[in-house]
>>> print(open('final_3.txt').read())   # compact mmCIF, C-alpha atoms
# COMPACT_ATOMS: atom_id res chain seq x y z
CA MET G 1 -98.86 -71.60 68.39
CA THR G 2 -97.94 -70.70 64.82
CA LYS G 3 -94.82 -68.58 64.47
CA THR G 4 -95.59 -64.97 63.66
CA PRO G 5 -95.94 -63.15 61.37
CA TYR G 6 -98.37 -65.19 59.31
CA TYR G 7 -101.35 -64.74 57.05
CA LEU G 8 -104.57 -66.17 58.43
CA TYR G 9 -107.25 -66.99 55.85
CA SER G 10 -110.89 -67.75 56.53
CA MET G 11 -111.96 -70.28 53.92
CA GLY G 12 -115.54 -70.01 55.16
CA LEU G 13 -115.68 -66.30 54.35
CA LEU G 14 -113.92 -66.91 51.04
CA ARG G 15 -116.56 -69.45 50.03
CA GLU G 16 -119.37 -67.08 51.09
CA THR G 17 -117.83 -64.28 49.05
CA ILE G 18 -117.40 -66.48 45.97
CA GLU G 19 -120.99 -67.66 46.25
CA ALA G 20 -122.27 -64.09 46.60
CA ALA G 21 -120.35 -63.11 43.45
CA ARG G 22 -121.62 -66.15 41.53
CA ASN G 23 -125.22 -65.48 42.51
CA ALA G 24 -124.99 -61.82 41.61
CA ALA G 25 -123.37 -62.59 38.24
CA SER G 26 -126.13 -65.07 37.40
CA VAL G 27 -128.45 -62.10 36.83
CA ASP G 28 -127.21 -62.00 33.24
CA ASP G 29 -126.32 -64.99 31.06
CA ARG G 30 -123.80 -62.85 29.15
CA PHE G 31 -121.53 -62.64 32.19
CA ARG G 32 -118.30 -64.63 32.67
CA VAL G 33 -116.17 -64.13 35.80
CA HIS G 34 -112.39 -64.49 35.88
CA TYR G 35 -110.37 -64.35 39.08
CA ALA G 36 -107.48 -61.86 38.88
CA MET G 37 -104.91 -64.10 40.49
CA LYS G 38 -102.33 -61.37 41.06
CA ALA G 39 -104.38 -60.54 44.18
CA ASN G 40 -103.56 -63.85 45.88
CA THR G 41 -101.94 -67.01 44.52
CA GLU G 42 -102.42 -69.40 47.45
CA LYS G 43 -103.22 -72.81 45.96
CA LYS G 44 -106.28 -73.40 48.16
CA ILE G 45 -107.71 -70.06 47.10
CA LEU G 46 -107.05 -70.79 43.43
CA GLU G 47 -108.72 -74.18 43.76
CA ALA G 48 -111.79 -72.54 45.30
CA MET G 49 -112.00 -70.18 42.32
CA ARG G 50 -111.59 -73.08 39.89
CA ASP G 51 -114.29 -75.11 41.65
CA ALA G 52 -116.64 -72.12 41.39
CA GLY G 53 -116.28 -72.30 37.62
CA PHE G 54 -114.39 -69.03 37.32
CA GLY G 55 -111.75 -68.43 34.71
CA VAL G 56 -108.48 -66.74 35.62
CA ASP G 57 -106.81 -63.48 34.67
CA THR G 58 -103.01 -63.74 34.63
CA VAL G 59 -100.22 -61.19 34.22
CA SER G 60 -97.12 -63.37 33.89
CA GLY G 61 -95.89 -66.68 32.57
CA GLY G 62 -95.50 -67.87 36.15
CA GLU G 63 -99.17 -67.20 36.82
CA ILE G 64 -100.16 -69.07 33.64
CA LYS G 65 -98.14 -72.10 34.78
CA LEU G 66 -99.65 -71.98 38.26
CA ALA G 67 -103.17 -71.69 36.86
CA LEU G 68 -102.60 -74.72 34.65
CA ASP G 69 -101.07 -76.65 37.57
CA CYS G 70 -104.18 -75.85 39.64
CA GLY G 71 -106.42 -77.33 36.96
CA PHE G 72 -107.86 -74.25 35.27
CA ASP G 73 -109.05 -74.90 31.73
CA ALA G 74 -106.55 -73.20 29.40
CA SER G 75 -109.43 -71.76 27.38
CA LYS G 76 -110.50 -69.81 30.50
CA ILE G 77 -107.06 -68.24 31.01
CA VAL G 78 -106.55 -64.62 29.92
CA PHE G 79 -103.05 -63.12 29.76
CA ALA G 80 -102.75 -59.38 30.42
CA GLY G 81 -99.81 -57.09 31.20
CA VAL G 82 -97.77 -54.48 29.37
CA GLY G 83 -94.47 -56.37 29.26
CA LYS G 84 -95.06 -59.89 27.98
CA SER G 85 -91.77 -61.56 27.07
CA ASP G 86 -91.33 -63.78 24.01
CA GLU G 87 -91.09 -66.82 26.30
CA GLU G 88 -94.31 -65.91 28.10
CA ILE G 89 -96.14 -65.34 24.81
CA ASP G 90 -94.92 -68.71 23.50
CA LEU G 91 -96.12 -70.37 26.71
CA GLY G 92 -99.58 -68.89 26.29
CA ILE G 93 -99.83 -69.80 22.61
CA LEU G 94 -98.67 -73.39 23.11
CA ALA G 95 -100.95 -73.86 26.13
CA GLY G 96 -103.92 -72.68 24.07
CA ILE G 97 -105.00 -69.95 26.45
CA GLY G 98 -108.27 -68.21 25.78
CA CYS G 99 -106.94 -64.77 24.98
CA PHE G 100 -104.07 -62.31 25.09
CA ASN G 101 -105.09 -58.84 26.25
CA ALA G 102 -102.75 -56.80 24.04
CA GLU G 103 -101.74 -53.41 25.40
CA SER G 104 -99.97 -51.81 22.41
CA THR G 105 -99.58 -52.08 18.66
CA GLU G 106 -95.96 -53.06 19.29
CA GLU G 107 -97.14 -56.01 21.35
CA ILE G 108 -99.61 -57.06 18.65
CA GLU G 109 -96.71 -57.30 16.20
CA VAL G 110 -94.71 -59.53 18.56
CA ILE G 111 -97.66 -61.84 19.32
CA SER G 112 -98.14 -62.23 15.57
CA GLN G 113 -94.45 -63.02 15.04
CA ARG G 114 -94.41 -65.62 17.82
CA ALA G 115 -97.62 -67.24 16.57
CA ALA G 116 -96.18 -67.43 13.04
CA LEU G 117 -92.97 -69.06 14.30
CA LEU G 118 -95.01 -71.64 16.22
CA GLY G 119 -97.42 -72.24 13.36
CA LYS G 120 -100.37 -71.22 15.52
CA ARG G 121 -103.12 -68.62 15.64
CA ALA G 122 -103.52 -66.47 18.76
CA ARG G 123 -106.69 -64.84 20.04
CA VAL G 124 -106.21 -61.18 20.92
CA ALA G 125 -108.34 -58.66 22.77
CA LEU G 126 -107.32 -55.02 22.66
CA ARG G 127 -106.95 -53.19 25.96
CA VAL G 128 -108.37 -49.73 25.45
CA ASN G 129 -107.87 -46.71 27.69
CA PRO G 130 -111.35 -45.17 27.82
CA GLU G 131 -110.07 -41.95 29.46
CA ILE G 132 -112.07 -42.39 32.66
CA ASP G 133 -110.72 -41.16 35.99
CA ALA G 134 -111.75 -43.70 38.64
CA HIS G 135 -110.59 -41.32 41.41
CA THR G 136 -108.45 -43.89 43.18
CA HIS G 137 -104.80 -43.72 44.27
CA HIS G 138 -102.62 -42.58 41.35
CA TYR G 139 -100.65 -45.84 41.57
CA ILE G 140 -103.76 -47.91 40.84
CA THR G 141 -105.58 -45.68 38.33
CA THR G 142 -105.11 -47.33 34.95
CA GLY G 143 -107.73 -46.03 32.51
CA LEU G 144 -106.45 -42.56 31.65
CA ALA G 145 -105.30 -41.59 28.16
CA GLU G 146 -101.58 -41.26 28.99
CA ASN G 147 -100.70 -44.35 30.94
CA LYS G 148 -98.30 -47.25 30.58
CA PHE G 149 -101.34 -49.52 30.30
CA GLY G 150 -103.46 -50.01 27.23
CA ILE G 151 -104.05 -48.46 23.82
CA PRO G 152 -105.21 -44.83 23.56
CA MET G 153 -108.62 -44.38 21.96
CA VAL G 154 -107.04 -42.53 19.05
CA SER G 155 -104.91 -45.60 18.20
CA LEU G 156 -107.67 -48.18 18.46
CA GLU G 157 -108.69 -48.17 14.78
CA ARG G 158 -105.14 -48.98 13.67
CA ALA G 159 -104.85 -51.75 16.25
CA ILE G 160 -108.10 -53.35 15.08
CA GLU G 161 -106.95 -53.23 11.46
CA MET G 162 -103.62 -54.83 12.41
CA VAL G 163 -105.33 -57.80 14.04
CA GLN G 164 -108.01 -58.23 11.39
CA SER G 165 -105.48 -58.27 8.55
CA ASP G 166 -103.15 -60.76 10.23
CA ASP G 167 -103.48 -64.47 9.39
CA HIS G 168 -101.94 -65.46 12.74
CA LEU G 169 -104.27 -63.42 14.93
CA GLU G 170 -107.96 -63.53 15.75
CA LEU G 171 -109.78 -60.45 17.08
CA HIS G 172 -111.41 -61.71 20.26
CA GLY G 173 -112.68 -58.53 21.85
CA LEU G 174 -112.07 -55.28 23.65
CA HIS G 175 -110.63 -55.05 27.15
CA PHE G 176 -111.02 -52.22 29.64
CA HIS G 177 -109.73 -51.70 33.17
CA ILE G 178 -110.06 -48.26 34.72
CA GLY G 179 -108.48 -48.80 38.13
CA SER G 180 -108.75 -50.52 41.49
CA GLN G 181 -110.54 -49.98 44.83
CA ILE G 182 -113.49 -48.29 43.11
CA THR G 183 -116.27 -47.79 45.65
CA THR G 184 -118.98 -46.01 43.65
CA MET G 185 -120.75 -47.18 40.52
CA LYS G 186 -120.44 -43.89 38.63
CA PRO G 187 -117.11 -44.75 36.94
CA TYR G 188 -118.62 -48.04 35.77
CA GLU G 189 -121.71 -46.27 34.44
CA ILE G 190 -119.45 -43.96 32.43
CA LEU G 191 -117.49 -47.01 31.23
CA CYS G 192 -120.70 -48.59 29.94
CA GLU G 193 -121.50 -45.42 28.01
CA ARG G 194 -118.03 -45.36 26.44
CA ILE G 195 -118.21 -49.04 25.48
CA ASN G 196 -121.69 -48.62 23.98
CA ALA G 197 -120.52 -45.70 21.86
CA LEU G 198 -117.45 -47.62 20.68
CA GLN G 199 -119.48 -50.69 19.80
CA GLU G 200 -122.00 -48.62 17.87
CA GLU G 201 -119.24 -46.85 15.97
CA TYR G 202 -117.55 -50.07 14.90
CA ALA G 203 -120.81 -51.93 14.22
CA GLN G 204 -121.51 -49.30 11.54
CA ARG G 205 -118.19 -50.35 9.96
CA GLY G 206 -119.14 -54.03 10.15
CA VAL G 207 -116.85 -54.81 13.10
CA THR G 208 -118.17 -56.71 16.11
CA PHE G 209 -116.36 -58.26 19.06
CA PRO G 210 -117.09 -61.70 20.56
CA THR G 211 -116.21 -60.47 24.05
CA ILE G 212 -116.19 -57.25 26.02
CA ASN G 213 -113.92 -57.41 29.08
CA VAL G 214 -114.76 -54.68 31.59
CA GLY G 215 -111.92 -55.50 34.00
CA GLY G 216 -112.51 -55.42 37.74
CA GLY G 217 -111.55 -52.87 40.36
CA LEU G 218 -114.52 -53.24 42.73
CA GLY G 219 -113.44 -51.94 46.13
CA VAL G 220 -113.80 -53.34 49.65
CA ASP G 221 -114.34 -51.77 53.07
CA TYR G 222 -110.96 -51.36 54.74
CA ASP G 223 -112.44 -49.32 57.60
CA ASN G 224 -115.16 -51.69 58.81
CA PRO G 225 -114.32 -55.17 57.51
CA SER G 226 -116.44 -57.02 60.09
CA ALA G 227 -119.51 -54.93 59.30
CA ASN G 228 -119.05 -55.25 55.52
CA PRO G 229 -117.18 -58.48 54.81
CA ILE G 230 -118.70 -59.01 51.35
CA PRO G 231 -118.87 -56.27 48.69
CA ASP G 232 -122.14 -55.36 47.01
CA PHE G 233 -121.69 -57.63 44.01
CA ARG G 234 -125.35 -57.31 43.10
CA GLU G 235 -125.15 -53.56 42.53
CA TYR G 236 -121.88 -54.04 40.64
CA PHE G 237 -123.17 -56.65 38.20
CA ASN G 238 -126.55 -54.94 37.84
CA THR G 239 -124.77 -51.76 36.76
CA PHE G 240 -123.33 -53.59 33.76
CA SER G 241 -126.48 -55.61 33.11
CA ARG G 242 -128.49 -52.40 32.83
CA GLY G 243 -125.84 -50.28 31.18
CA LEU G 244 -124.11 -52.43 28.58
CA GLN G 245 -125.67 -52.91 25.18
CA THR G 246 -124.39 -55.99 23.38
CA VAL G 247 -124.95 -57.90 20.18
CA GLU G 248 -126.36 -61.41 20.08
CA GLY G 249 -123.96 -64.02 21.45
CA GLN G 250 -121.54 -61.48 22.88
CA GLU G 251 -120.00 -62.28 26.26
CA ILE G 252 -119.13 -59.79 29.00
CA HIS G 253 -116.04 -60.73 31.00
CA PHE G 254 -115.11 -59.53 34.49
CA GLU G 255 -111.76 -59.72 36.30
CA LEU G 256 -112.45 -59.72 40.03
CA GLY G 257 -109.50 -59.95 42.42
CA ARG G 258 -109.45 -57.79 45.55
CA SER G 259 -113.22 -57.95 46.00
CA LEU G 260 -113.12 -61.76 46.22
CA VAL G 261 -110.17 -62.31 48.55
CA ALA G 262 -109.26 -59.16 50.50
CA GLN G 263 -111.53 -59.67 53.49
CA CYS G 264 -110.78 -63.35 53.99
CA GLY G 265 -107.16 -62.65 54.99
CA SER G 266 -105.46 -60.98 57.97
CA LEU G 267 -101.80 -60.54 58.80
CA ILE G 268 -101.15 -61.75 62.35
CA THR G 269 -98.15 -60.22 64.09
CA LYS G 270 -96.70 -60.23 67.62
CA VAL G 271 -95.74 -57.19 69.67
CA LEU G 272 -92.00 -57.18 70.36
CA TYR G 273 -91.77 -53.93 72.29
CA VAL G 274 -93.85 -50.98 73.41
CA LYS G 275 -91.43 -48.08 73.19
CA LYS G 276 -92.05 -44.75 74.90
CA GLY G 277 -90.90 -41.80 72.83
CA LEU G 278 -90.90 -38.16 73.83
CA ASP G 279 -94.48 -37.59 72.74
CA LYS G 280 -95.55 -40.92 71.26
CA LYS G 281 -95.77 -44.59 72.10
CA PHE G 282 -94.56 -47.03 69.46
CA VAL G 283 -95.85 -50.58 69.18
CA ILE G 284 -93.00 -52.44 67.48
CA VAL G 285 -94.22 -55.69 65.91
CA ASP G 286 -92.44 -58.59 64.22
CA ALA G 287 -94.16 -57.99 60.84
CA GLY G 288 -92.78 -55.33 58.55
CA PHE G 289 -93.33 -53.89 55.11
CA THR G 290 -91.57 -57.00 53.86
CA ASP G 291 -94.74 -58.87 54.85
CA LEU G 292 -97.37 -56.23 53.96
CA ILE G 293 -96.04 -53.40 51.79
CA ARG G 294 -99.32 -51.61 51.00
CA PRO G 295 -99.12 -49.02 53.82
CA ALA G 296 -95.53 -48.10 52.91
CA LEU G 297 -96.10 -48.18 49.14
CA TYR G 298 -99.56 -46.63 48.85
CA GLY G 299 -100.19 -45.09 52.26
CA ALA G 300 -102.91 -47.74 52.45
CA HIS G 301 -105.05 -48.15 55.56
CA HIS G 302 -105.59 -51.51 57.26
CA LEU G 303 -107.68 -51.76 60.39
CA ILE G 304 -105.49 -52.99 63.27
CA GLU G 305 -107.00 -55.02 66.10
CA ASN G 306 -105.40 -56.29 69.33
CA LEU G 307 -106.51 -59.91 69.60
CA THR G 308 -105.19 -60.65 73.08
CA SER G 309 -105.42 -57.54 75.26
CA GLN G 310 -107.94 -57.84 78.10
CA SER G 311 -107.66 -54.20 79.10
CA ASP G 312 -110.61 -51.82 79.21
CA GLU G 313 -108.19 -48.91 78.82
CA SER G 314 -106.99 -47.66 75.46
CA GLU G 315 -103.94 -45.74 74.25
CA ARG G 316 -102.83 -44.02 71.08
CA TYR G 317 -99.90 -45.73 69.32
CA ASP G 318 -97.81 -45.74 66.17
CA VAL G 319 -97.65 -49.36 64.98
CA VAL G 320 -94.32 -49.97 63.28
CA GLY G 321 -92.23 -52.86 61.98
CA PRO G 322 -88.63 -53.97 62.53
CA VAL G 323 -87.28 -53.23 59.04
CA CYS G 324 -84.44 -50.70 58.88
CA GLU G 325 -86.44 -48.14 56.89
CA SER G 326 -88.38 -45.15 58.19
CA SER G 327 -91.28 -46.07 55.92
CA ASP G 328 -91.83 -49.34 57.81
CA VAL G 329 -94.96 -47.99 59.50
CA PHE G 330 -98.37 -49.69 59.49
CA ALA G 331 -100.33 -46.89 61.17
CA GLU G 332 -99.84 -43.67 63.10
CA ASP G 333 -101.94 -42.48 66.04
CA VAL G 334 -104.10 -45.58 66.07
CA ILE G 335 -106.18 -46.22 69.20
CA LEU G 336 -105.80 -49.72 70.64
CA PRO G 337 -106.59 -51.37 73.94
CA LEU G 338 -103.63 -51.12 76.32
CA THR G 339 -100.98 -53.07 74.44
CA GLN G 340 -97.93 -54.87 75.79
CA ARG G 341 -95.09 -57.14 74.71
CA GLY G 342 -96.38 -60.51 73.50
CA ASP G 343 -99.81 -59.30 72.37
CA LEU G 344 -101.07 -60.47 68.98
CA LEU G 345 -102.32 -57.90 66.49
CA ALA G 346 -104.34 -58.49 63.32
CA LEU G 347 -104.01 -56.28 60.26
CA ARG G 348 -107.34 -56.84 58.60
CA THR G 349 -108.40 -56.94 54.93
CA ALA G 350 -104.99 -58.29 53.92
CA GLY G 351 -106.07 -61.17 51.70
CA ALA G 352 -105.39 -59.17 48.51
CA TYR G 353 -101.96 -57.82 47.59
CA GLY G 354 -100.51 -58.93 50.90
CA ALA G 355 -98.65 -62.23 50.76
CA VAL G 356 -98.14 -62.00 47.00
CA MET G 357 -96.07 -58.83 47.46
CA ALA G 358 -94.00 -60.11 50.39
CA MET G 359 -90.22 -60.01 50.05
CA GLN G 360 -87.02 -60.96 51.86
CA TYR G 361 -85.34 -57.58 52.29
CA ASN G 362 -83.00 -57.60 55.33
CA CYS G 363 -82.83 -61.41 54.79
CA ARG G 364 -86.19 -61.73 56.51
CA GLN G 365 -88.19 -64.92 56.15
CA LEU G 366 -91.43 -64.82 54.20
CA PRO G 367 -94.57 -64.88 56.37
CA GLY G 368 -96.29 -68.16 57.11
CA THR G 369 -99.80 -69.21 56.09
CA VAL G 370 -102.67 -70.61 58.16
CA PHE G 371 -106.12 -71.58 56.88
CA GLU G 372 -109.19 -71.92 59.08
>>> encode(input="final_3.txt", output="structure tokens")
Amino acid sequence: MTKTPYYLYSMGLLRETIEAARNAASVDDRFRVHYAMKANTEKKILEAMRDAGFGVDTVSGGEIKLALDCGFDASKIVFAGVGKSDEEIDLGILAGIGCFNAESTEEIEVISQRAALLGKRARVALRVNPEIDAHTHHYITTGLAENKFGIPMVSLERAIEMVQSDDHLELHGLHFHIGSQITTMKPYEILCERINALQEEYAQRGVTFPTINVGGGLGVDYDNPSANPIPDFREYFNTFSRGLQTVEGQEIHFELGRSLVAQCGSLITKVLYVKKGLDKKFVIVDAGFTDLIRPALYGAHHLIENLTSQSDESERYDVVGPVCESSDVFAEDVILPLTQRGDLLALRTAGAYGAVMAMQYNCRQLPGTVFE
């Protein structure tokens, strides 16, 4: 038996999810899908995205290198992120990546300087904050006016002029990303309206954009993953197909991460002890927030299942990890079948932002990986 804790990935479900997304995106020939690889960087998962014909959205030089190593076409690589170093920018320019998503006028200046030093021309899209509240956790809301991400609407005109007047830059498009774990289409409908208004305004000035990148953020069902293993990609893509007005030849880019990989992964952990407190029972497992930090960091919910208990009885438990921090708690007052030492638990919907955020605090080993 594989040593716990480990991440268990269903490649069958991953392939079904990718195919559902591809089919839904085929509704509109303007659409191009990029996988946001920060969600999960397992090589087998990246190869599945590559084989599906997806591009890749990266947020570091390390991710660019990994994408290239996994065979992604450099022209399908987009580089986002608010803190691109000179070395990372040089890597992207020399590799010939498809686009830099620039997040400030200060960054535009640096990309221009690096391109000039290398004797190259860099393609730049401008990440705009459209001032839309996606009503998600404040840590993962990114589209508001005052935010470390992106360019405020009031600064967009200057940013466009900077790129257009620079011999070492090419204006490739506009980029938007309003947040993550969005479960209704209303924020996306508002985004379409904002984009349409912006495009109309700049078209009157003779400015058009080859691409419009609408980001990602489509949510998944953390409560009932077995009942809803694949998000409603059709409604998602249809929202943009109906709502976005484009000019001839313009492409619409998407950056899907969580929605593609979250449900295919579970964190498998073993029960070390069942501890009786004064009023509670604690299930102490061998996984901790070093293996899955989302509950400690965001207060995120992951459905917990006992895979091995044969009991018809159930109890209420706090499921906690072994790390020497009070925040190392996966769930409080969760109802499980009667649980005992040696049982295996699964923390579901852990394929996104699970293994990629694992760490070695307390000198703990990183979790293993199993594919089925």
>>> atom_distance(input="final_3.txt", atom1="atom CA of G:Phe233", atom2="atom CA of G:Leu13")
14.8 Å
>>> residues_near_point(input="final_3.txt", point="(-108.7, -54.1, 60.3)", cutoff="6 Å", atoms="all atoms listed in the file", output="list in words")
His302, Leu303, Ile304, Leu347 and Arg348 of chain G
>>> atom_distance(input="final_3.txt", atom1="atom CA of G:Thr2", atom2="atom CA of G:Glu372")
12.7 Å
>>> closest_residue(input="final_3.txt", among="G:Tyr361, G:Phe371, G:Tyr222, G:Phe237", to="G:His301", atoms="only C-alpha atoms")
G:Tyr222
>>> residues_around(input="final_3.txt", residues="stretch 239-250 of chain G", least_positions_apart="5", cutoff="9 Å", atoms="all atoms listed in the file", output="list in words")
Val27, Asp28, Arg30, Phe31, Met185, Tyr188, Glu189, Leu191, Cys192, Glu193, Ile195, Asn196, Gln199, Thr208, Phe209, Pro210, Thr211, Ile212, Val214 and Arg234 of chain G
>>> atom_distance(input="final_3.txt", atom1="atom CA of G:Arg364", atom2="atom CA of G:Leu344")
19.5 Å
>>> residues_around(input="final_3.txt", residues="G:Arg15", least_positions_apart="4", cutoff="10 Å", atoms="all atoms listed in the file", output="MDAnalysis selection string")
chainID G and resid 10:11 19:21 45 48:49 52 260:261 264
>>> closest_residue(input="final_3.txt", among="G:Asp223, G:Asp167, G:Glu251, G:Glu106", to="G:Val33", atoms="all atoms listed in the file")
G:Glu251
